[in-house]
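**Student:** To be precise about what I am sending: the file is called upload-v9.txt and holds compact mmCIF, C-alpha atoms.
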# COMPACT_ATOMS: atom_id res chain seq x y z
CA MET A 2 120.86 85.73 90.95
CA GLN A 3 118.27 84.10 93.17
CA ALA A 4 114.84 85.37 94.13
CA ASP A 5 114.13 86.24 97.76
CA ILE A 6 110.73 85.45 99.28
CA LEU A 7 108.74 87.39 101.84
CA LEU A 8 106.04 85.42 103.69
CA GLY A 9 103.55 85.92 106.48
CA LEU A 10 104.02 83.22 109.12
CA GLN A 11 100.76 83.47 111.04
CA TRP A 12 97.10 83.81 109.99
CA GLY A 13 97.75 86.80 107.75
CA ASP A 14 97.76 90.53 108.51
CA GLU A 15 101.36 90.36 109.73
CA GLY A 16 102.46 93.57 108.01
CA LYS A 17 103.81 92.29 104.70
CA GLY A 18 102.85 95.43 102.79
CA LYS A 19 104.93 97.71 105.00
CA VAL A 20 107.97 95.44 104.82
CA VAL A 21 107.80 95.02 101.04
CA ASP A 22 107.56 98.78 100.70
CA PHE A 23 110.56 99.14 103.05
CA LEU A 24 112.63 96.53 101.18
CA ALA A 25 111.56 97.46 97.64
CA PRO A 26 114.45 99.91 96.99
CA GLN A 27 116.79 96.89 97.27
CA TYR A 28 114.96 95.02 94.51
CA GLN A 29 114.52 95.69 90.82
CA VAL A 30 111.50 93.37 90.55
CA VAL A 31 108.68 92.83 93.09
CA ALA A 32 106.26 90.00 92.24
CA ARG A 33 103.01 88.75 93.81
CA PHE A 34 102.75 84.97 93.51
CA GLN A 35 99.37 83.92 95.02
CA GLY A 36 96.12 85.15 96.52
CA GLY A 37 93.86 87.85 95.22
CA PRO A 38 91.61 90.65 96.48
CA ASN A 39 91.21 88.84 99.80
CA ALA A 40 94.68 90.17 100.66
CA GLY A 41 95.11 93.62 102.14
CA HIS A 42 98.64 95.01 102.31
CA THR A 43 98.71 98.33 104.16
CA LEU A 44 101.45 100.89 103.49
CA GLU A 45 101.90 104.19 105.35
CA PHE A 46 104.38 106.91 104.39
CA ASP A 47 104.51 110.68 103.95
CA GLY A 48 101.38 111.01 106.07
CA ALA A 49 99.26 108.89 103.71
CA LYS A 50 97.84 105.37 104.00
CA TYR A 51 97.33 102.96 101.10
CA VAL A 52 95.81 99.47 101.03
CA LEU A 53 96.82 97.21 98.16
CA HIS A 54 94.85 94.05 97.43
CA GLN A 55 96.32 92.68 94.20
CA ILE A 56 99.01 95.11 93.07
CA PRO A 57 102.53 94.31 94.38
CA SER A 58 103.68 96.56 97.21
CA GLY A 59 106.67 97.82 95.24
CA ILE A 60 104.42 99.93 93.02
CA PHE A 61 105.36 103.15 94.84
CA HIS A 62 109.01 102.80 93.81
CA GLN A 63 109.47 103.90 90.20
CA GLU A 64 112.73 102.00 89.88
CA SER A 65 110.98 98.68 90.62
CA MET A 66 109.16 96.57 88.03
CA ASN A 67 106.09 94.94 89.57
CA VAL A 68 104.62 91.60 88.49
CA ILE A 69 101.22 90.01 89.15
CA GLY A 70 102.10 86.35 88.75
CA ASN A 71 100.21 83.38 87.38
CA GLY A 72 99.43 82.10 90.89
CA VAL A 73 97.21 85.11 91.61
CA VAL A 74 93.45 85.24 91.02
CA LEU A 75 92.60 88.69 89.67
CA ASP A 76 89.39 90.68 90.09
CA VAL A 77 89.58 93.27 87.31
CA ILE A 78 86.96 95.49 88.97
CA VAL A 79 88.99 95.68 92.19
CA PHE A 80 92.14 96.14 90.11
CA ARG A 81 90.71 99.19 88.37
CA LYS A 82 89.68 100.73 91.71
CA GLU A 83 93.15 100.07 93.13
CA ILE A 84 94.87 101.74 90.21
CA HIS A 85 92.75 104.88 90.54
CA ALA A 86 93.23 104.95 94.34
CA LEU A 87 97.02 105.14 93.94
CA ASN A 88 96.74 108.82 92.91
CA ARG A 89 99.66 108.43 90.54
CA ASN A 90 100.15 109.04 86.85
CA ILE A 91 98.53 106.01 85.28
CA GLU A 92 101.10 105.90 82.46
CA ASP A 93 103.89 105.54 85.04
CA ILE A 94 102.00 102.62 86.59
CA ARG A 95 101.55 100.96 83.19
CA LYS A 96 105.32 101.16 82.62
CA ASN A 97 106.10 99.49 85.95
CA LEU A 98 103.47 96.75 86.10
CA LEU A 99 103.30 93.42 84.29
CA ILE A 100 100.36 91.03 84.54
CA SER A 101 100.80 87.36 83.71
CA LYS A 102 98.61 86.12 80.89
CA LYS A 103 98.24 82.95 82.97
CA THR A 104 96.71 84.77 85.93
CA GLN A 105 93.21 83.44 86.62
CA LEU A 106 90.25 85.82 86.36
CA ILE A 107 87.55 86.26 88.98
CA ILE A 108 84.28 86.80 87.13
CA PRO A 109 81.19 88.32 88.83
CA THR A 110 79.49 85.00 89.52
CA HIS A 111 82.56 83.75 91.40
CA ARG A 112 81.73 86.30 94.09
CA VAL A 113 78.06 85.37 93.99
CA LEU A 114 78.93 81.68 94.40
CA ASP A 115 81.19 82.57 97.33
CA ALA A 116 78.30 84.31 99.08
CA ALA A 117 75.88 81.48 98.28
CA SER A 118 78.28 78.85 99.58
CA GLU A 119 78.90 80.71 102.85
CA ALA A 120 75.18 81.32 103.36
CA SER A 121 74.48 77.62 102.92
CA LYS A 122 76.95 76.64 105.67
CA GLY A 123 75.16 78.53 108.43
CA LYS A 124 77.10 78.31 111.70
CA ASP A 125 79.77 76.19 109.99
CA LYS A 126 80.87 78.96 107.61
CA ILE A 127 84.63 79.34 107.22
CA GLY A 128 84.70 83.13 107.35
CA SER A 129 85.32 83.76 103.66
CA THR A 130 86.04 87.34 102.55
CA LEU A 131 83.34 86.77 99.87
CA LYS A 132 85.69 87.99 97.14
CA GLY A 133 85.22 84.93 94.95
CA ILE A 134 88.66 83.51 95.72
CA GLY A 135 87.62 79.92 96.53
CA PRO A 136 85.30 79.49 93.53
CA ALA A 137 87.94 80.99 91.21
CA TYR A 138 90.62 78.57 92.42
CA MET A 139 88.09 75.71 92.15
CA ASP A 140 87.54 76.55 88.49
CA LYS A 141 91.30 76.75 87.99
CA ILE A 142 91.84 73.27 89.43
CA GLY A 143 88.75 72.00 87.63
CA ARG A 144 90.20 73.33 84.34
CA ASN A 145 87.20 75.55 83.75
CA GLY A 146 88.77 78.89 84.60
CA LEU A 147 89.40 81.95 82.47
CA ARG A 148 92.85 83.51 82.32
CA VAL A 149 93.97 87.05 81.62
CA GLY A 150 95.36 85.96 78.27
CA ASP A 151 91.90 84.79 77.23
CA ILE A 152 90.60 88.37 77.08
CA LEU A 153 92.84 88.91 74.03
CA GLN A 154 91.32 85.95 72.19
CA ALA A 155 88.44 86.18 69.69
CA ASP A 156 86.43 83.52 71.54
CA PHE A 157 86.66 85.14 75.01
CA LYS A 158 82.95 85.92 75.23
CA GLU A 159 82.11 82.35 74.24
CA LYS A 160 84.39 81.00 76.99
CA TYR A 161 82.92 83.46 79.47
CA ASN A 162 79.35 82.42 78.68
CA LYS A 163 80.23 78.75 79.07
CA LEU A 164 81.65 79.36 82.55
CA LEU A 165 78.76 81.68 83.41
CA GLN A 166 76.21 78.97 82.58
CA LYS A 167 78.01 76.53 84.85
CA HIS A 168 77.82 79.07 87.68
CA LEU A 169 74.14 79.83 87.08
CA ASN A 170 73.34 76.13 87.30
CA LEU A 171 75.17 75.94 90.64
CA LEU A 172 73.35 78.99 91.96
CA LYS A 173 70.03 77.30 91.13
CA GLN A 174 71.10 74.38 93.32
CA TYR A 175 71.85 76.84 96.15
CA ASN A 176 68.48 78.52 95.47
CA TYR A 177 70.40 81.80 95.68
CA THR A 178 68.99 84.83 93.82
CA ASP A 179 70.40 87.82 95.72
CA TYR A 180 72.37 89.37 92.85
CA ASP A 181 71.95 91.65 89.84
CA LEU A 182 73.85 89.95 87.02
CA PRO A 183 73.47 92.69 84.34
CA ALA A 184 74.88 95.34 86.69
CA LEU A 185 77.75 93.07 87.74
CA GLU A 186 78.58 92.22 84.14
CA LYS A 187 78.62 95.85 83.05
CA ASP A 188 81.29 96.70 85.63
CA PHE A 189 83.20 93.54 84.74
CA PHE A 190 83.41 94.11 81.00
CA ASP A 191 84.25 97.80 81.47
CA ALA A 192 87.12 96.71 83.70
CA ILE A 193 88.19 94.10 81.12
CA GLU A 194 88.67 96.90 78.57
CA PHE A 195 90.62 98.86 81.18
CA ILE A 196 93.04 96.03 81.94
CA LYS A 197 93.74 95.55 78.23
CA THR A 198 95.63 98.86 78.36
CA PHE A 199 98.25 97.31 80.68
CA GLN A 200 101.22 95.08 79.87
CA LEU A 201 99.91 91.51 79.70
CA ALA A 202 102.90 89.22 79.38
CA ASP A 203 104.38 85.74 79.72
CA THR A 204 105.84 86.74 83.07
CA GLU A 205 107.48 83.38 83.74
CA TYR A 206 109.98 84.35 81.03
CA PHE A 207 110.33 87.86 82.42
CA VAL A 208 111.20 86.80 85.99
CA ASN A 209 113.67 84.13 84.89
CA GLU A 210 115.35 86.41 82.39
CA ALA A 211 115.53 89.13 85.04
CA LEU A 212 117.39 86.80 87.40
CA ALA A 213 119.64 85.54 84.61
CA SER A 214 120.65 89.12 83.82
CA GLY A 215 121.61 89.77 87.45
CA LYS A 216 118.51 91.65 88.60
CA THR A 217 117.24 91.33 92.15
CA LEU A 218 113.73 89.94 92.69
CA LEU A 219 111.45 89.87 95.72
CA ALA A 220 108.51 87.44 95.70
CA GLU A 221 105.67 88.82 97.82
CA GLY A 222 103.25 86.43 99.48
CA ALA A 223 99.70 87.13 100.61
CA GLN A 224 97.66 85.84 103.57
CA GLY A 225 99.70 83.77 106.06
CA SER A 226 101.40 80.39 106.27
CA LEU A 227 98.80 79.04 108.72
CA LEU A 228 96.18 79.61 106.02
CA ASP A 229 98.02 77.44 103.47
CA ILE A 230 95.64 75.09 101.63
CA ASP A 231 97.86 72.08 102.46
CA PHE A 232 99.53 72.98 105.76
CA GLY A 233 97.14 75.48 107.34
CA SER A 234 94.27 74.97 109.81
CA TYR A 235 92.13 73.13 107.25
CA PRO A 236 89.33 73.69 106.30
CA PHE A 237 89.62 77.22 107.68
CA VAL A 238 92.25 78.17 105.13
CA THR A 239 92.66 80.09 101.90
CA SER A 240 92.69 78.39 98.50
CA SER A 241 96.37 78.71 97.57
CA ASN A 242 99.82 77.75 98.80
CA THR A 243 100.98 80.58 101.02
CA SER A 244 104.28 78.89 101.86
CA ALA A 245 107.59 79.37 100.04
CA ALA A 246 106.69 76.60 97.59
CA GLY A 247 103.91 78.83 96.25
CA ALA A 248 106.50 81.25 94.89
CA SER A 249 107.82 78.56 92.56
CA THR A 250 104.46 77.56 91.14
CA GLY A 251 103.02 81.08 91.30
CA LEU A 252 105.81 82.73 89.31
CA GLY A 253 107.43 79.91 87.33
CA LEU A 254 110.64 79.85 89.37
CA ALA A 255 112.56 76.61 89.84
CA PRO A 256 113.39 75.75 93.50
CA ASN A 257 117.10 76.35 92.87
CA LYS A 258 116.24 79.95 91.97
CA ILE A 259 115.14 80.69 95.56
CA GLY A 260 117.53 82.55 97.86
CA LYS A 261 116.55 84.08 101.19
CA VAL A 262 113.19 83.29 102.74
CA MET A 263 112.12 86.13 105.03
CA GLY A 264 109.26 85.44 107.43
CA ILE A 265 107.09 88.11 109.04
CA PHE A 266 105.25 87.69 112.33
CA LYS A 267 103.53 89.94 114.81
CA ALA A 268 104.78 90.14 118.39
CA TYR A 269 101.33 88.71 119.17
CA CYS A 270 98.78 86.82 117.03
CA THR A 271 95.62 87.79 115.17
CA ARG A 272 93.11 85.97 113.04
CA VAL A 273 90.16 87.12 110.93
CA GLY A 274 87.14 84.90 110.45
CA SER A 275 86.45 81.42 111.77
CA GLY A 276 88.91 78.67 112.63
CA PRO A 277 91.04 77.43 115.54
CA PHE A 278 93.20 79.94 117.41
CA PRO A 279 94.87 78.33 120.47
CA THR A 280 96.21 81.53 122.08
CA GLU A 281 93.15 83.70 121.43
CA GLN A 282 92.20 86.14 124.18
CA ASP A 283 88.46 86.52 123.73
CA ASN A 284 88.26 88.91 126.67
CA ASP A 285 89.13 92.45 127.77
CA LEU A 286 92.82 91.84 127.09
CA GLY A 287 92.10 90.82 123.50
CA GLU A 288 89.95 93.90 123.06
CA GLN A 289 92.73 96.07 124.50
CA ILE A 290 95.23 94.68 121.99
CA ARG A 291 92.71 95.04 119.14
CA LYS A 292 92.09 98.69 119.97
CA GLU A 293 95.76 99.59 120.44
CA GLY A 294 96.84 97.72 117.30
CA ARG A 295 93.93 98.95 115.16
CA GLU A 296 93.23 95.32 114.40
CA PHE A 297 90.51 95.50 111.80
CA GLY A 298 90.75 93.75 108.42
CA ALA A 299 92.27 95.88 105.65
CA THR A 300 90.07 94.07 103.11
CA THR A 301 86.85 93.42 105.04
CA GLY A 302 86.97 95.83 107.98
CA ARG A 303 86.10 92.93 110.29
CA PRO A 304 87.57 93.04 113.82
CA ARG A 305 90.50 90.67 114.15
CA ARG A 306 90.64 88.11 116.91
CA CYS A 307 93.71 88.77 119.08
CA GLY A 308 95.93 86.60 121.27
CA TRP A 309 99.43 85.86 122.47
CA LEU A 310 102.38 84.84 120.30
CA ASP A 311 102.25 81.11 119.45
CA LEU A 312 105.75 79.64 119.08
CA PRO A 313 104.76 76.04 118.15
CA ALA A 314 102.69 77.39 115.25
CA LEU A 315 105.44 79.84 114.28
CA ARG A 316 108.11 77.14 114.38
CA TYR A 317 105.93 74.97 112.13
CA ALA A 318 105.56 77.75 109.54
CA ILE A 319 109.32 78.37 109.64
CA MET A 320 110.01 74.67 109.00
CA ILE A 321 107.56 74.36 106.10
CA SER A 322 109.09 77.29 104.20
CA GLY A 323 112.74 77.04 105.27
CA VAL A 324 112.71 80.58 106.68
CA THR A 325 116.21 82.06 106.95
CA GLU A 326 115.44 85.30 108.84
CA LEU A 327 112.56 86.78 110.79
CA PHE A 328 110.90 90.19 110.96
CA MET A 329 108.96 91.07 114.13
CA MET A 330 106.06 93.48 113.58
CA LYS A 331 103.86 95.65 115.81
CA ALA A 332 105.92 95.23 118.97
CA ASP A 333 104.87 98.78 119.86
CA VAL A 334 101.29 97.59 120.40
CA LEU A 335 102.31 95.52 123.45
CA SER A 336 103.94 98.54 125.13
CA ILE A 337 100.67 99.17 127.00
CA LEU A 338 100.86 95.86 128.91
CA ASP A 339 102.42 95.18 132.32
CA GLU A 340 103.26 91.65 131.27
CA VAL A 341 103.51 89.79 127.99
CA LYS A 342 102.95 86.06 127.49
CA VAL A 343 104.32 83.67 124.88
CA CYS A 344 102.97 80.18 124.17
CA THR A 345 105.97 77.84 124.18
CA HIS A 346 104.22 74.43 124.13
CA TYR A 347 100.82 72.79 123.78
CA GLN A 348 99.20 70.37 126.20
CA LEU A 349 97.16 67.75 124.35
CA SER A 350 93.91 66.28 125.64
CA ASP A 351 95.76 63.19 126.96
CA GLY A 352 98.14 65.37 128.99
CA THR A 353 101.07 65.10 126.57
CA ILE A 354 103.25 68.22 126.29
CA THR A 355 104.51 69.05 122.79
CA ASP A 356 106.00 71.88 120.78
CA LYS A 357 104.60 70.47 117.52
CA MET A 358 101.39 71.30 115.66
CA PRO A 359 98.82 68.46 115.82
CA TYR A 360 97.23 67.08 112.67
CA CYS A 361 94.05 69.07 113.26
CA LEU A 362 93.51 71.78 115.86
CA ILE A 363 89.75 71.24 115.57
CA SER A 364 89.61 67.51 116.31
CA GLU A 365 92.69 67.70 118.54
CA PRO A 366 92.24 70.91 120.59
CA VAL A 367 95.22 72.03 122.63
CA THR A 368 95.80 74.01 125.81
CA PRO A 369 98.62 76.55 125.41
CA ILE A 370 101.45 76.61 127.95
CA TYR A 371 102.77 80.12 128.49
CA GLN A 372 105.96 81.80 129.61
CA THR A 373 105.44 85.27 131.07
CA PHE A 374 107.69 88.28 130.49
CA LYS A 375 107.76 91.65 132.17
CA GLY A 376 106.30 94.29 129.85
CA TRP A 377 108.53 97.05 128.52
CA LYS A 378 106.00 99.86 129.21
CA THR A 379 107.89 102.18 126.88
CA ASP A 380 106.69 103.99 123.76
CA LEU A 381 108.70 102.33 120.98
CA THR A 382 107.34 104.38 118.08
CA SER A 383 110.11 107.00 118.22
CA LYS A 384 112.96 104.48 118.53
CA ARG A 385 115.22 104.05 115.52
CA ASN A 386 118.22 102.10 116.86
CA VAL A 387 118.59 98.78 118.67
CA GLN A 388 120.57 100.39 121.51
CA ASP A 389 117.60 102.65 122.28
CA LEU A 390 115.22 99.76 122.92
CA PRO A 391 114.34 98.88 126.54
CA GLN A 392 116.13 95.89 128.03
CA THR A 393 112.90 94.07 128.80
CA PHE A 394 111.91 94.23 125.14
CA LEU A 395 115.36 93.06 124.02
CA GLU A 396 115.02 90.06 126.34
CA TYR A 397 111.67 89.26 124.71
CA ILE A 398 113.22 89.40 121.22
CA GLU A 399 116.20 87.28 122.26
CA PHE A 400 113.98 84.62 123.84
CA VAL A 401 111.86 84.29 120.71
CA GLU A 402 114.93 84.24 118.47
CA ARG A 403 116.72 81.65 120.63
CA THR A 404 113.66 79.40 120.87
CA LEU A 405 112.98 79.46 117.12
CA GLY A 406 116.64 79.18 116.10
CA VAL A 407 116.28 81.83 113.38
CA PRO A 408 117.64 85.39 113.63
CA ILE A 409 115.24 88.32 113.99
CA THR A 410 116.85 90.88 111.71
CA LEU A 411 114.11 93.54 111.55
CA VAL A 412 111.81 94.99 114.19
CA SER A 413 108.88 97.24 113.33
CA VAL A 414 107.86 99.81 115.96
CA GLY A 415 105.09 101.60 114.07
CA PRO A 416 103.10 101.63 110.82
CA ASP A 417 105.23 104.16 108.91
CA ARG A 418 108.10 102.89 106.76
CA THR A 419 110.53 105.00 108.87
CA GLN A 420 109.49 103.19 112.06
CA THR A 421 111.71 100.21 111.29
CA ILE A 422 114.83 99.02 113.08
CA LEU A 423 117.37 96.75 111.42
CA ARG A 424 118.97 94.29 113.80
CA LYS A 425 121.90 92.40 112.36
As structure tokens, how would this structure be written, given the file I've shared?
**Tutor:**
Amino acid sequence: MQADILLGLQWGDEGKGKVVDFLAPQYQVVARFQGGPNAGHTLEFDGAKYVLHQIPSGIFHQESMNVIGNGVVLDVIVFRKEIHALNRNIEDIRKNLLISKKTQLIIPTHRVLDAASEASKGKDKIGSTLKGIGPAYMDKIGRNGLRVGDILQADFKEKYNKLLQKHLNLLKQYNYTDYDLPALEKDFFDAIEFIKTFQLADTEYFVNEALASGKTLLAEGAQGSLLDIDFGSYPFVTSSNTSAAGASTGLGLAPNKIGKVMGIFKAYCTRVGSGPFPTEQDNDLGEQIRKEGREFGATTGRPRRCGWLDLPALRYAIMISGVTELFMMKADVLSILDEVKVCTHYQLSDGTITDKMPYCLISEPVTPIYQTFKGWKTDLTSKRNVQDLPQTFLEYIEFVERTLGVPITLVSVGPDRTQTILRK
């Protein structure tokens, strides 16, 4: 068997949580391969709403084994809160959740360093979620980090104190004192004892043995492809590889173990925090979309910036990850509009027209070129079959599909898992 990958193709918040939850019954293993508590995967079903930050979105399906992979950075305090918020028998969760011993730990001073770093940047801040993600990945790359497996070792406290002292020295350089270390550490070490009660494993063996035995596996990405540390809108990016390649390094899967690559995108675009956004509508239209789409960050609560669908950026994300099929999300949000626009090309500062992403959208700003479509002005939330969709909406789907050269096989028309239309 080969593992399938599910990715966000924009600047995050595309609706990955809902789709993983929808697809999970088809998979025996669901595995998170990168990111951390900066992710917010929202699931709605049976009249309830759940937001998962680190736990794989297959956790609500008892027949699925869920894996937090080595590519994730884990905040044990957030993890404990997430587990309790699930309102499920904790023993059932322990049976269905594996945590890689190689997963990096976020310690309290990682979050403090994140805040100190952002504060020092002033107007040039990148819009961090302040969850300690960047500093944790920096320690990982710098070979200073702590891993989940370390908490089982006799010298864990010694390793912790060594990393802590490094952080305290850095905070002195920032002249940052707005934190209560004893209180933070108490919560942290209580949560460390809590996580010891879960299955901590060499998950790279588990996922490969699962595939070898014929089990199906879905690798769940976090954030979005345009936030990739290498290929995103640098430096306004996250600290991990959000593309398909991240599934290999974040789970221990060889490239030849990858099967389908499913890419999720909204029928429009959103972005949280700072950074370039060519099709942004910083006006009444953007506010209208934000209000209708409830576009506020699942992790931070911050209002999302909203704009039209950007096909050059989407095509770029598809190319980088070798996407084989597309899922269109939140098309119902645009039902309120008389007309819908799609960016098909960019005009560069020298007048050149291109459908490619420039090296840097900051130093090479672009002017989007739009194609306008008649709006469908129909409530899509009750639709369950392709033949029930309005013709104007079908024309919009077909244009996007034809332009990108990748089939759109799923269309979401609402937040609930039942509000999903398969389009083969």
**Student:** Interatomic distance between CA of Met329 in chain A and CA of Tyr269 in chain A?
**Tutor:**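 CA of Tyr269 in chain A lies 9.4 Å from CA of Met329 in chain A.
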**Student:** Taking all atoms listed in the file into account, name the residue in A:Leu423, A:Val68, A:Cys344, A:Leu164 that is nearest to Leu24 in chain A.
**Tutor:** A:Leu423
**Student:** So that I can see what lies close to Ser240 in chain A, please list as a list in words the residues with an atom at most 9 Å from it, counting all atoms listed in the file and leaving out residues fewer than 3 positions away in the same chain.
**Tutor:**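 In the requested format, the answer is Gly36, Ile134, Gly135, Pro136, Tyr138, Met139, Leu228, Asp229, Ile230 and Thr243 of chain A.
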**Student:** Counting only C-alpha atoms, which residue out of A:Gly253, A:Pro57, A:Gly225, A:Gly48 sits closest to Cys270 in chain A?
**Tutor:**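 Using only C-alpha atoms, Cys270 in chain A sits closest to A:Gly225.
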**Student:** Would you mind telling me which residue in A:Leu165, A:Ser58, A:Arg306, A:Ile91 lies nearest to Lys292 in chain A when using only C-alpha atoms?
**Tutor:**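 Looking only at the distances to Lys292 in chain A, the closest residue turns out to be A:Arg306.
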**Student:** Rounded to one decimal place, report the CA of Ser65 in chain A-CA of Lys197 in chain A distance in Å.
**Tutor:**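 Atom-to-atom, CA of Ser65 in chain A and CA of Lys197 in chain A are spaced 21.5 Å apart.
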**Student:** Range 209-221 of chain A: which residues within 9 Å, counting all atoms listed in the file, same-chain residues fewer than 6 positions away excluded, as number ranges by chain?
**Tutor:** A: 2-8, 17-18, 21, 24-25, 27-35, 57-58, 248, 252-254, 258
**Student:** Write out as a list in words each polymer residue whose atoms come within 9 Å of Asn386 in chain A, counting all atoms listed in the file; drop sequence neighbours fewer than 5 positions from it.
**Tutor:**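 Counting only the stated atoms, we get Thr421, Ile422, Leu423 and Arg424 of chain A.
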**Student:** Write out the residues from the selection above, keeping C-alpha atoms, as a tab-separated table (two decimals), keeping the file's coordinate frame.
**Tutor:**
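result-v8.tsv was written with the following content:
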chain	number	residue	atom	x	y	z
A	421	THR	CA	111.71	100.21	111.29
A	422	ILE	CA	114.83	99.02	113.08
A	423	LEU	CA	117.37	96.75	111.42
A	424	ARG	CA	118.97	94.29	113.80
